[in-house]
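> upload.csv is the file, holding CSV, C-alpha atoms:
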chain,number,residue,atom,x,y,z
A,15,MET,CA,-112.8,-176.0,-176.7
A,16,VAL,CA,-112.5,-178.3,-179.7
A,17,ILE,CA,-116.3,-178.2,-180.2
A,18,GLY,CA,-116.3,-174.4,-179.9
A,19,GLY,CA,-113.4,-174.0,-182.3
A,20,VAL,CA,-115.1,-176.2,-185.0
A,21,ILE,CA,-118.4,-174.3,-184.7
A,22,TYR,CA,-116.5,-170.9,-184.9
A,23,GLY,CA,-114.5,-172.1,-187.9
A,24,ILE,CA,-117.7,-173.1,-189.8
A,25,ARG,CA,-119.4,-169.9,-189.0
A,26,VAL,CA,-116.4,-167.9,-190.3
A,27,LEU,CA,-116.4,-169.8,-193.6
A,28,VAL,CA,-120.2,-169.4,-194.0
A,29,VAL,CA,-120.2,-165.7,-193.2
A,30,ARG,CA,-117.2,-165.0,-195.5
A,31,SER,CA,-118.8,-166.7,-198.5
A,32,GLY,CA,-122.2,-165.0,-198.0
A,33,PHE,CA,-124.1,-168.2,-198.4
A,34,GLY,CA,-125.8,-170.7,-196.1
A,35,ARG,CA,-128.9,-171.0,-193.9
A,36,THR,CA,-127.5,-168.6,-191.3
A,37,ILE,CA,-127.2,-165.8,-193.8
A,38,ARG,CA,-130.6,-166.6,-195.3
A,39,HIS,CA,-132.3,-166.3,-192.0
A,40,LEU,CA,-130.6,-163.0,-191.2
A,41,VAL,CA,-131.7,-161.6,-194.5
A,42,GLU,CA,-135.3,-162.8,-194.2
A,43,GLU,CA,-135.6,-161.3,-190.7
A,44,GLN,CA,-134.1,-158.0,-191.9
A,45,ARG,CA,-131.3,-158.0,-189.3
A,46,LEU,CA,-128.6,-156.8,-191.7
A,47,SER,CA,-127.8,-153.3,-193.1
A,48,ASP,CA,-128.3,-152.4,-196.7
A,49,ASP,CA,-124.6,-152.6,-197.6
A,50,VAL,CA,-124.3,-156.2,-196.2
A,51,ARG,CA,-127.4,-157.3,-198.0
A,52,GLN,CA,-126.1,-155.9,-201.3
A,53,ALA,CA,-122.8,-157.8,-200.8
A,54,ILE,CA,-124.7,-161.0,-200.1
A,55,ASP,CA,-126.8,-160.4,-203.2
A,56,ASP,CA,-123.7,-159.9,-205.3
A,57,ALA,CA,-122.2,-163.1,-204.0
A,58,GLN,CA,-125.4,-165.1,-204.7
A,59,LYS,CA,-125.6,-163.6,-208.2
A,60,TRP,CA,-122.0,-164.6,-208.9
A,61,ARG,CA,-122.7,-168.2,-207.7
A,62,ASP,CA,-125.8,-168.5,-209.8
A,63,GLU,CA,-124.0,-167.2,-212.9
A,64,ARG,CA,-121.1,-169.6,-212.3
A,65,LYS,CA,-123.6,-172.5,-212.3
A,66,LEU,CA,-124.8,-171.4,-215.7
A,67,SER,CA,-121.2,-171.0,-217.0
A,68,MET,CA,-121.9,-167.5,-218.2
A,69,PRO,CA,-118.7,-166.2,-220.0
A,70,HIS,CA,-118.7,-162.7,-218.5
A,71,VAL,CA,-118.5,-163.9,-214.9
A,72,SER,CA,-115.4,-162.9,-213.0
A,73,LYS,CA,-113.1,-165.8,-211.9
A,74,LYS,CA,-112.6,-164.0,-208.6
A,75,LYS,CA,-115.3,-165.0,-206.1
A,76,PRO,CA,-116.8,-162.0,-204.2
A,77,HIS,CA,-116.5,-162.0,-200.4
A,78,LEU,CA,-117.8,-159.9,-197.6
A,79,THR,CA,-115.4,-157.4,-196.2
A,80,ARG,CA,-114.1,-157.6,-192.6
A,81,VAL,CA,-116.5,-154.9,-191.5
A,82,GLN,CA,-119.4,-156.6,-193.2
A,83,ARG,CA,-118.5,-160.0,-191.6
A,84,ALA,CA,-118.4,-158.4,-188.2
A,85,LYS,CA,-121.9,-157.0,-188.8
A,86,VAL,CA,-123.2,-160.5,-189.8
A,87,ARG,CA,-121.6,-162.0,-186.7
A,88,ALA,CA,-123.2,-159.3,-184.5
A,89,ALA,CA,-126.6,-159.9,-186.1
A,90,HIS,CA,-126.2,-163.7,-185.6
A,91,ILE,CA,-125.4,-163.3,-181.9
A,92,GLU,CA,-128.4,-161.0,-181.5
A,93,ARG,CA,-130.6,-163.6,-183.2
A,94,ARG,CA,-129.2,-166.3,-181.0
A,95,GLU,CA,-129.7,-164.4,-177.8
A,96,ASP,CA,-133.3,-163.7,-178.8
A,97,PHE,CA,-133.8,-167.4,-179.2
A,98,LEU,CA,-132.2,-168.3,-175.9
A,99,ASP,CA,-134.3,-165.8,-174.0
A,100,LYS,CA,-137.4,-167.6,-175.1
A,101,LEU,CA,-136.1,-171.2,-175.0
A,102,HIS,CA,-137.4,-173.7,-172.4
A,103,ILE,CA,-135.2,-176.8,-172.3
A,104,GLY,CA,-137.2,-180.0,-172.7
A,105,TRP,CA,-136.8,-183.7,-173.7
A,106,TYR,CA,-135.9,-182.8,-177.3
A,107,GLN,CA,-132.8,-180.8,-176.3
A,108,ILE,CA,-131.9,-183.3,-173.5
A,109,VAL,CA,-131.9,-186.3,-175.9
A,110,LEU,CA,-129.7,-184.5,-178.4
A,111,LEU,CA,-127.3,-183.1,-175.8
A,112,PHE,CA,-126.8,-186.6,-174.3
A,113,PHE,CA,-126.2,-188.0,-177.8
A,114,VAL,CA,-123.7,-185.4,-178.9
A,115,GLY,CA,-121.9,-185.4,-175.5
A,116,SER,CA,-121.7,-189.2,-175.5
A,117,VAL,CA,-120.2,-189.5,-179.0
A,118,LEU,CA,-117.9,-186.5,-178.9
A,119,GLY,CA,-116.7,-187.2,-175.4
A,120,LEU,CA,-115.8,-190.8,-176.4
A,121,PHE,CA,-114.0,-189.6,-179.5
A,122,LEU,CA,-112.0,-186.9,-177.5
A,123,GLU,CA,-111.1,-189.4,-174.7
A,124,GLU,CA,-109.8,-192.0,-177.1
A,125,THR,CA,-107.9,-189.4,-179.1
A,126,TRP,CA,-106.4,-188.0,-175.8
A,127,MET,CA,-105.4,-191.5,-174.6
A,128,PHE,CA,-103.7,-192.3,-178.0
A,129,VAL,CA,-101.8,-189.0,-178.0
A,130,THR,CA,-100.7,-189.1,-174.4
A,131,ALA,CA,-100.3,-192.8,-173.7
A,132,GLY,CA,-100.3,-194.5,-177.1
A,133,LEU,CA,-103.4,-196.5,-176.1
A,134,THR,CA,-105.8,-197.7,-178.8
A,135,GLN,CA,-108.5,-199.3,-176.7
A,136,SER,CA,-112.3,-199.3,-176.7
A,137,ARG,CA,-113.4,-196.8,-174.0
A,138,VAL,CA,-117.2,-197.1,-174.7
A,139,GLY,CA,-119.7,-197.1,-171.9
A,140,LEU,CA,-122.7,-198.8,-173.5
A,141,VAL,CA,-123.0,-202.2,-175.2
A,142,TRP,CA,-124.4,-200.7,-178.4
A,143,GLY,CA,-122.9,-197.9,-180.4
A,144,PRO,CA,-120.0,-195.4,-179.9
A,145,PHE,CA,-121.3,-193.8,-176.7
A,146,SER,CA,-119.8,-192.9,-173.3
A,147,PRO,CA,-122.8,-192.0,-171.1
A,148,LEU,CA,-120.7,-190.2,-168.5
A,149,TYR,CA,-119.8,-187.5,-171.0
A,150,GLY,CA,-123.4,-187.5,-172.2
A,151,VAL,CA,-124.7,-186.9,-168.7
A,152,GLY,CA,-122.0,-184.4,-168.0
A,153,ALA,CA,-122.8,-182.4,-171.2
A,154,THR,CA,-126.5,-182.4,-170.4
A,155,LEU,CA,-126.0,-181.3,-166.7
A,156,LEU,CA,-123.5,-178.6,-167.7
A,157,THR,CA,-125.8,-177.3,-170.3
A,158,VAL,CA,-128.9,-177.2,-168.2
A,159,ILE,CA,-127.2,-175.8,-165.1
A,160,THR,CA,-125.2,-173.1,-167.1
A,161,PHE,CA,-128.3,-172.2,-169.0
A,162,TYR,CA,-130.2,-171.6,-165.7
A,163,MET,CA,-127.2,-169.6,-164.4
A,164,ARG,CA,-127.2,-167.5,-167.6
A,165,ARG,CA,-130.8,-166.6,-166.9
A,166,LYS,CA,-129.7,-165.5,-163.4
A,167,HIS,CA,-126.8,-163.5,-164.7
A,168,CYS,CA,-124.3,-165.4,-162.5
A,169,ALA,CA,-120.7,-164.3,-162.2
A,170,PRO,CA,-118.0,-166.5,-163.9
A,171,TRP,CA,-116.6,-167.6,-160.5
A,172,GLN,CA,-120.0,-168.9,-159.5
A,173,VAL,CA,-120.2,-170.9,-162.7
A,174,PHE,CA,-116.7,-172.3,-162.0
A,175,LEU,CA,-117.6,-173.4,-158.5
A,176,VAL,CA,-120.9,-175.0,-159.5
A,177,ALA,CA,-119.3,-176.9,-162.4
A,178,LEU,CA,-116.6,-178.1,-160.0
A,179,VAL,CA,-119.1,-179.4,-157.5
A,180,VAL,CA,-121.4,-181.0,-160.2
A,181,GLY,CA,-118.4,-182.7,-161.8
A,182,GLY,CA,-117.1,-184.1,-158.5
A,183,LEU,CA,-120.5,-185.4,-157.5
A,184,LEU,CA,-121.0,-187.0,-161.0
A,185,GLU,CA,-117.7,-188.8,-160.8
A,186,GLN,CA,-118.2,-189.9,-157.2
A,187,ILE,CA,-121.7,-191.2,-157.7
A,188,THR,CA,-120.9,-192.9,-161.0
A,189,GLY,CA,-117.7,-194.5,-159.7
A,190,TRP,CA,-119.3,-195.7,-156.5
A,191,SER,CA,-122.3,-197.1,-158.3
A,192,MET,CA,-120.2,-199.0,-160.8
A,193,SER,CA,-118.1,-200.5,-158.0
A,194,THR,CA,-121.0,-201.3,-155.7
A,195,PHE,CA,-123.6,-202.6,-158.2
A,196,MET,CA,-121.5,-203.8,-161.2
A,197,HIS,CA,-118.2,-204.8,-159.5
A,198,ALA,CA,-116.5,-202.7,-162.2
A,199,SER,CA,-114.1,-199.8,-162.2
A,200,SER,CA,-113.3,-197.5,-165.1
A,201,TRP,CA,-110.9,-195.0,-163.4
A,202,ASP,CA,-109.1,-194.8,-160.1
A,203,TYR,CA,-107.5,-191.6,-158.7
A,204,SER,CA,-106.1,-193.3,-155.5
A,205,ASN,CA,-102.5,-192.6,-156.6
A,206,VAL,CA,-103.2,-189.1,-158.1
A,207,PRO,CA,-101.8,-186.2,-156.0
A,208,GLY,CA,-104.8,-184.5,-154.3
A,209,ALA,CA,-107.0,-187.5,-154.4
A,210,ILE,CA,-110.1,-187.1,-152.1
A,211,THR,CA,-111.7,-190.5,-152.8
A,212,GLN,CA,-111.0,-193.3,-155.2
A,213,TRP,CA,-113.0,-191.4,-157.9
A,214,VAL,CA,-112.5,-187.8,-157.0
A,215,ALA,CA,-109.3,-185.7,-157.1
A,216,VAL,CA,-108.5,-182.0,-156.7
A,217,PRO,CA,-106.8,-181.6,-160.2
A,218,PHE,CA,-109.9,-183.1,-161.9
A,219,LEU,CA,-112.2,-180.9,-159.9
A,220,VAL,CA,-110.4,-177.9,-161.2
A,221,PHE,CA,-110.7,-179.3,-164.7
A,222,TRP,CA,-114.5,-179.7,-164.2
A,223,GLY,CA,-114.7,-176.1,-163.1
A,224,ALA,CA,-112.7,-174.8,-166.1
A,225,LEU,CA,-114.8,-177.0,-168.4
A,226,GLY,CA,-118.0,-175.6,-167.0
A,227,LEU,CA,-116.7,-172.0,-167.5
A,228,VAL,CA,-115.7,-172.7,-171.1
A,229,TRP,CA,-119.0,-174.5,-171.7
A,230,TYR,CA,-120.9,-171.5,-170.3
A,231,VAL,CA,-119.1,-168.9,-172.4
A,232,CYS,CA,-118.2,-170.6,-175.7
A,233,ILE,CA,-120.3,-173.8,-176.2
A,234,MET,CA,-123.6,-173.8,-174.5
A,235,PRO,CA,-125.2,-170.8,-176.3
A,236,GLU,CA,-124.2,-171.9,-179.8
A,237,LEU,CA,-125.0,-175.6,-179.1
A,238,LEU,CA,-128.5,-174.9,-177.9
A,239,PHE,CA,-129.1,-172.5,-180.8
A,240,ILE,CA,-127.9,-175.2,-183.3
A,241,ILE,CA,-130.1,-177.9,-181.7
A,242,GLY,CA,-133.1,-175.5,-181.8
A,243,GLU,CA,-136.6,-176.7,-181.2
A,244,PRO,CA,-138.8,-179.5,-182.7
A,245,THR,CA,-140.4,-177.4,-185.4
A,246,THR,CA,-141.4,-180.3,-187.7
A,247,PRO,CA,-143.0,-183.7,-187.2
A,248,ARG,CA,-139.9,-185.3,-188.8
A,249,ARG,CA,-137.6,-183.9,-186.1
A,250,VAL,CA,-140.0,-185.1,-183.4
A,251,ILE,CA,-140.1,-188.6,-184.8
A,252,LEU,CA,-136.4,-188.9,-185.3
A,253,VAL,CA,-135.4,-187.6,-181.9
A,254,SER,CA,-138.1,-189.7,-180.2
A,255,LEU,CA,-136.7,-192.9,-181.9
A,256,LEU,CA,-133.2,-191.8,-180.9
A,257,GLY,CA,-134.3,-191.4,-177.3
A,258,VAL,CA,-136.0,-194.8,-177.2
A,259,TYR,CA,-132.8,-196.4,-178.7
A,260,LEU,CA,-130.5,-194.7,-176.1
A,261,ALA,CA,-132.9,-195.8,-173.3
A,262,LEU,CA,-132.8,-199.4,-174.5
A,263,ASP,CA,-129.0,-199.2,-174.8
A,264,VAL,CA,-128.7,-198.0,-171.2
A,265,PHE,CA,-131.1,-200.7,-170.0
A,266,MET,CA,-129.2,-203.5,-171.8
A,267,THR,CA,-125.9,-202.2,-170.5
A,268,LEU,CA,-127.1,-202.2,-166.9
A,269,SER,CA,-128.6,-205.7,-167.4
A,270,CYS,CA,-125.4,-207.0,-168.8
A,271,PHE,CA,-123.3,-205.6,-166.0
A,272,ASN,CA,-125.7,-207.0,-163.5
A,273,ARG,CA,-125.3,-210.5,-165.0
A,274,VAL,CA,-121.5,-210.1,-165.0
A,275,ALA,CA,-121.6,-209.4,-161.2
A,276,GLU,CA,-124.1,-212.3,-160.7
A,277,ARG,CA,-121.9,-214.7,-162.7
A,278,HIS,CA,-118.9,-213.8,-160.7
A,279,ASP,CA,-120.9,-214.5,-157.5
A,280,GLY,CA,-122.0,-217.9,-158.8
A,281,ILE,CA,-125.7,-216.8,-159.2
A,282,PRO,CA,-127.4,-218.8,-162.0
A,283,PRO,CA,-129.8,-217.1,-164.5
A,284,ALA,CA,-133.3,-216.7,-163.1
A,285,THR,CA,-135.2,-215.8,-166.3
A,286,GLY,CA,-135.0,-216.5,-170.0
A,287,PHE,CA,-133.8,-213.0,-170.5
A,288,ASP,CA,-130.8,-213.7,-168.2
A,289,VAL,CA,-130.1,-216.9,-170.2
A,290,TRP,CA,-130.1,-214.9,-173.4
A,291,ILE,CA,-127.7,-212.3,-171.9
A,292,ASP,CA,-125.3,-215.1,-170.7
A,293,GLN,CA,-125.3,-216.6,-174.2
A,294,ASN,CA,-124.7,-213.3,-176.1
A,295,TYR,CA,-122.9,-211.1,-173.6
A,296,THR,CA,-120.3,-213.3,-172.1
A,297,ASP,CA,-117.5,-212.2,-169.8
A,298,GLU,CA,-115.2,-212.3,-172.8
A,299,PHE,CA,-117.5,-210.1,-174.8
A,300,MET,CA,-117.8,-207.6,-171.9
A,301,SER,CA,-114.0,-207.5,-171.3
A,302,ASP,CA,-113.3,-207.0,-175.0
A,303,ARG,CA,-116.1,-204.3,-175.3
A,304,PHE,CA,-115.1,-202.4,-172.2
A,305,GLN,CA,-111.4,-202.6,-172.4
A,306,ASN,CA,-110.7,-199.8,-170.0
A,307,MET,CA,-112.7,-201.3,-167.2
A,308,ASN,CA,-111.6,-203.7,-164.5
A,309,PHE,CA,-114.1,-206.4,-163.5
A,310,SER,CA,-113.7,-207.8,-160.0
Write out the structure in this file as C-alpha cells.


Amino acid sequence: MVIGGVIYGIRVLVVRSGFGRTIRHLVEEQRLSDDVRQAIDDAQKWRDERKLSMPHVSKKKPHLTRVQRAKVRAAHIERREDFLDKLHIGWYQIVLLFFVGSVLGLFLEETWMFVTAGLTQSRVGLVWGPFSPLYGVGATLLTVITFYMRRKHCAPWQVFLVALVVGGLLEQITGWSMSTFMHASSWDYSNVPGAITQWVAVPFLVFWGALGLVWYVCIMPELLFIIGEPTTPRRVILVSLLGVYLALDVFMTLSCFNRVAERHDGIPPATGFDVWIDQNYTDEFMSDRFQNMNFS
C-alpha cells in the first residue's frame, strides 16, 4: 500500500504539471485529445520561457484541469494495459523484482518494528547490502502468480486464497530450512493465537491473502510497467551485474550460515574457503549482522 501510494502521488504530480516522460510518451503515441495536448503545449511553453527569464511570462504556472488530468490518467492506464498484454516475464523483471522487494521489505519491516516496539535492530537477511531475501522472493512470487492470474481473469477471492497459500508455504519452507540447515530462527509464531506451526499462523495467512489482493490490484500492474523491458544494452549490462551480485550475496550468506552451524557442532574447516569464512565472518559478526535471529 505504501509503494502504491508513492507511485500514485508521483503520477498525480507529473500529470498535473504537464511534464515528464509519461506525458511525452502519451503525446508521441497520440493517445491524448486535442485540448489536452494544447494544455500540455502551453505548460511546456511557459516552462521554456521561464528558463529564458522572459519578462512577459505570467508568474502563475499553468496546470491541466481536473477533466484533462482524468483523460491523461485514462490514457496512461490504456498504455499500461497494452504493455502488460504483450509482456512475458523473464530474468530481467525477476532480478529487479527481487531487488526492489528485498530493499523495500527490509525498510518497511524495520520502520514497523521501530514504530510498534521501539526496536532499532538490523533485520537484514544477507551478509552484504540492505536486503531481506524473504521479501524479495515474496514480491517476485506474488508478481508472477498475480500476473498469471490476471491473464486468466481470476476473481478477487481466488487471488486472496492463492496468495494466502503461497505466503504460508513460503514462511513454512523458509522457517523450516533455516532451523534445519542453519540452526537459526528469525521468527516464531508458537505463542501467537491461531498458530499452525512454529512458522505459520492464521492471522499472518490472512495478511498474506490481503497483501496478494492489494498487490494484484494496486501494485503489480504499475510496478511491471515501470520496470519495463531491457530495451538498451546498458539496461541489460546493469541488471546482469546486479543479478550476479545478488547471486553471490545469497551464496556467501548460505556459506556463512553453514559454517556457523558447523562451528557450533565442533566441525573444523575443511577448505581454505572455510578458513577464510571463519576469519572474516565470525559468530560475533553474524550475531551483530543478523540481530533478529537466534542461533542455536

> Using all atoms listed in the file, find the one residue out of A:Ser204, A:Thr157, A:Val176, A:Trp213 that sits nearest to Val231 (chain A).

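Closest to Val231 (chain A), using all atoms listed in the file: A:Thr157.
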
> Give the answer as one residue: which of A:Arg94, A:Leu260, A:Leu110, A:Val20 has the shortest atom-to-atom distance to His39 (chain A), using only C-alpha atoms?

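The answer is A:Arg94, which sits nearest to His39 (chain A).
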
> Give me, as a ChimeraX atom specification, all polymer residues having an atom no more than 12 Å from Val253 (chain A), counting all atoms listed in the file and skipping those fewer than 4 positions away in the same chain.

/A:105-113,241,243-249,257-260

> Could those residues be written to a file, using C-alpha atoms, as a compact mmCIF listing (two decimals), keeping the file's coordinate frame?


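For reference, selection-v9.txt as written:
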# COMPACT_ATOMS: atom_id res chain seq x y z
CA TRP A 105 -136.80 -183.70 -173.70
CA TYR A 106 -135.90 -182.80 -177.30
CA GLN A 107 -132.80 -180.80 -176.30
CA ILE A 108 -131.90 -183.30 -173.50
CA VAL A 109 -131.90 -186.30 -175.90
CA LEU A 110 -129.70 -184.50 -178.40
CA LEU A 111 -127.30 -183.10 -175.80
CA PHE A 112 -126.80 -186.60 -174.30
CA PHE A 113 -126.20 -188.00 -177.80
CA ILE A 241 -130.10 -177.90 -181.70
CA GLU A 243 -136.60 -176.70 -181.20
CA PRO A 244 -138.80 -179.50 -182.70
CA THR A 245 -140.40 -177.40 -185.40
CA THR A 246 -141.40 -180.30 -187.70
CA PRO A 247 -143.00 -183.70 -187.20
CA ARG A 248 -139.90 -185.30 -188.80
CA ARG A 249 -137.60 -183.90 -186.10
CA GLY A 257 -134.30 -191.40 -177.30
CA VAL A 258 -136.00 -194.80 -177.20
CA TYR A 259 -132.80 -196.40 -178.70
CA LEU A 260 -130.50 -194.70 -176.10

> Between CA of Leu78 (chain A) and CA of Ala53 (chain A), what is the distance, to one decimal in Å?

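Taking CA of Leu78 (chain A) as the start and CA of Ala53 (chain A) as the end point, the length is 6.3 Å.
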
> Compare A:Leu183, A:Ala88, A:Ser199, A:Ala284 by their minimum atom-to-atom distance to Trp222 (chain A), counting all atoms listed in the file, and give me the closest one.

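Ranked by minimum distance to Trp222 (chain A), first place goes to A:Leu183.
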
> Restrict the calculation to only C-alpha atoms, then for each residue of region 181-282 of chain A with any atom at most 9 Å from an atom of region 129-150 of chain A give the closest atom pair and their distance in Å to one decimal, rows by chain and rising residue number, as a Markdown table.


| residue | atom | partner | partner_atom | distance |
| --- | --- | --- | --- | --- |
| A:Leu184 | CA | A:Leu148 | CA | 8.2 |
| A:Glu185 | CA | A:Leu148 | CA | 8.4 |
| A:Thr188 | CA | A:Leu148 | CA | 8.0 |
| A:Ser200 | CA | A:Arg137 | CA | 8.9 |
| A:Leu260 | CA | A:Trp142 | CA | 8.9 |
| A:Asp263 | CA | A:Trp142 | CA | 6.0 |
| A:Val264 | CA | A:Leu140 | CA | 6.5 |
| A:Met266 | CA | A:Val141 | CA | 7.2 |
| A:Thr267 | CA | A:Val141 | CA | 5.5 |
| A:Leu268 | CA | A:Leu140 | CA | 8.6 |
| A:Cys270 | CA | A:Val141 | CA | 8.4 |

> Okay, now the selection with C-alpha atoms, as an mmCIF file, in the coordinates of the input?


data_model
loop_
_atom_site.group_PDB
_atom_site.id
_atom_site.type_symbol
_atom_site.label_atom_id
_atom_site.label_comp_id
_atom_site.auth_asym_id
_atom_site.auth_seq_id
_atom_site.Cartn_x
_atom_site.Cartn_y
_atom_site.Cartn_z
ATOM 1 C CA LEU A 184 -121.000 -187.000 -161.000
ATOM 2 C CA GLU A 185 -117.700 -188.800 -160.800
ATOM 3 C CA THR A 188 -120.900 -192.900 -161.000
ATOM 4 C CA SER A 200 -113.300 -197.500 -165.100
ATOM 5 C CA LEU A 260 -130.500 -194.700 -176.100
ATOM 6 C CA ASP A 263 -129.000 -199.200 -174.800
ATOM 7 C CA VAL A 264 -128.700 -198.000 -171.200
ATOM 8 C CA MET A 266 -129.200 -203.500 -171.800
ATOM 9 C CA THR A 267 -125.900 -202.200 -170.500
ATOM 10 C CA LEU A 268 -127.100 -202.200 -166.900
ATOM 11 C CA CYS A 270 -125.400 -207.000 -168.800
#

> Separation of CA of Leu227 (chain A) and CA of Phe174 (chain A), in Å?

5.5 Å

> Figure out the distance between CA of Asp49 (chain A) and CA of Pro235 (chain A), please, to one decimal in Å.

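Taking CA of Pro235 (chain A) and CA of Asp49 (chain A), their separation equals 28.0 Å.
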
> Counting all atoms listed in the file, which residues of region 188-211 of chain A fall within 9 Å of region 288-310 of chain A, and what is the closest atom pair for each with its distance in Å at one decimal, ordered by chain and rising number, as JSON lines?


{"residue": "A:Ser193", "atom": "CA", "partner": "A:Ser310", "partner_atom": "CA", "distance": 8.8}
{"residue": "A:Met196", "atom": "CA", "partner": "A:Phe309", "partner_atom": "CA", "distance": 8.2}
{"residue": "A:His197", "atom": "CA", "partner": "A:Ser310", "partner_atom": "CA", "distance": 5.4}
{"residue": "A:Ala198", "atom": "CA", "partner": "A:Phe309", "partner_atom": "CA", "distance": 4.6}
{"residue": "A:Ser199", "atom": "CA", "partner": "A:Asn308", "partner_atom": "CA", "distance": 5.2}
{"residue": "A:Ser200", "atom": "CA", "partner": "A:Met307", "partner_atom": "CA", "distance": 4.4}
{"residue": "A:Trp201", "atom": "CA", "partner": "A:Met307", "partner_atom": "CA", "distance": 7.6}

> Might you pull out every residue within 9 Å of Leu219 (chain A), with only C-alpha atoms counted and same-chain residues fewer than 5 positions away left off, and present them as a list in words?

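Final neighbour list, sorted by chain and number: Ala177, Leu178, Val179, Gly181, Gly182, Val214 and Ala224 of chain A.
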
> Have a look at A:Leu118, A:Trp126, A:Leu238, A:Thr160 and name the one nearest to Leu225 (chain A); count only C-alpha atoms.

A:Thr160
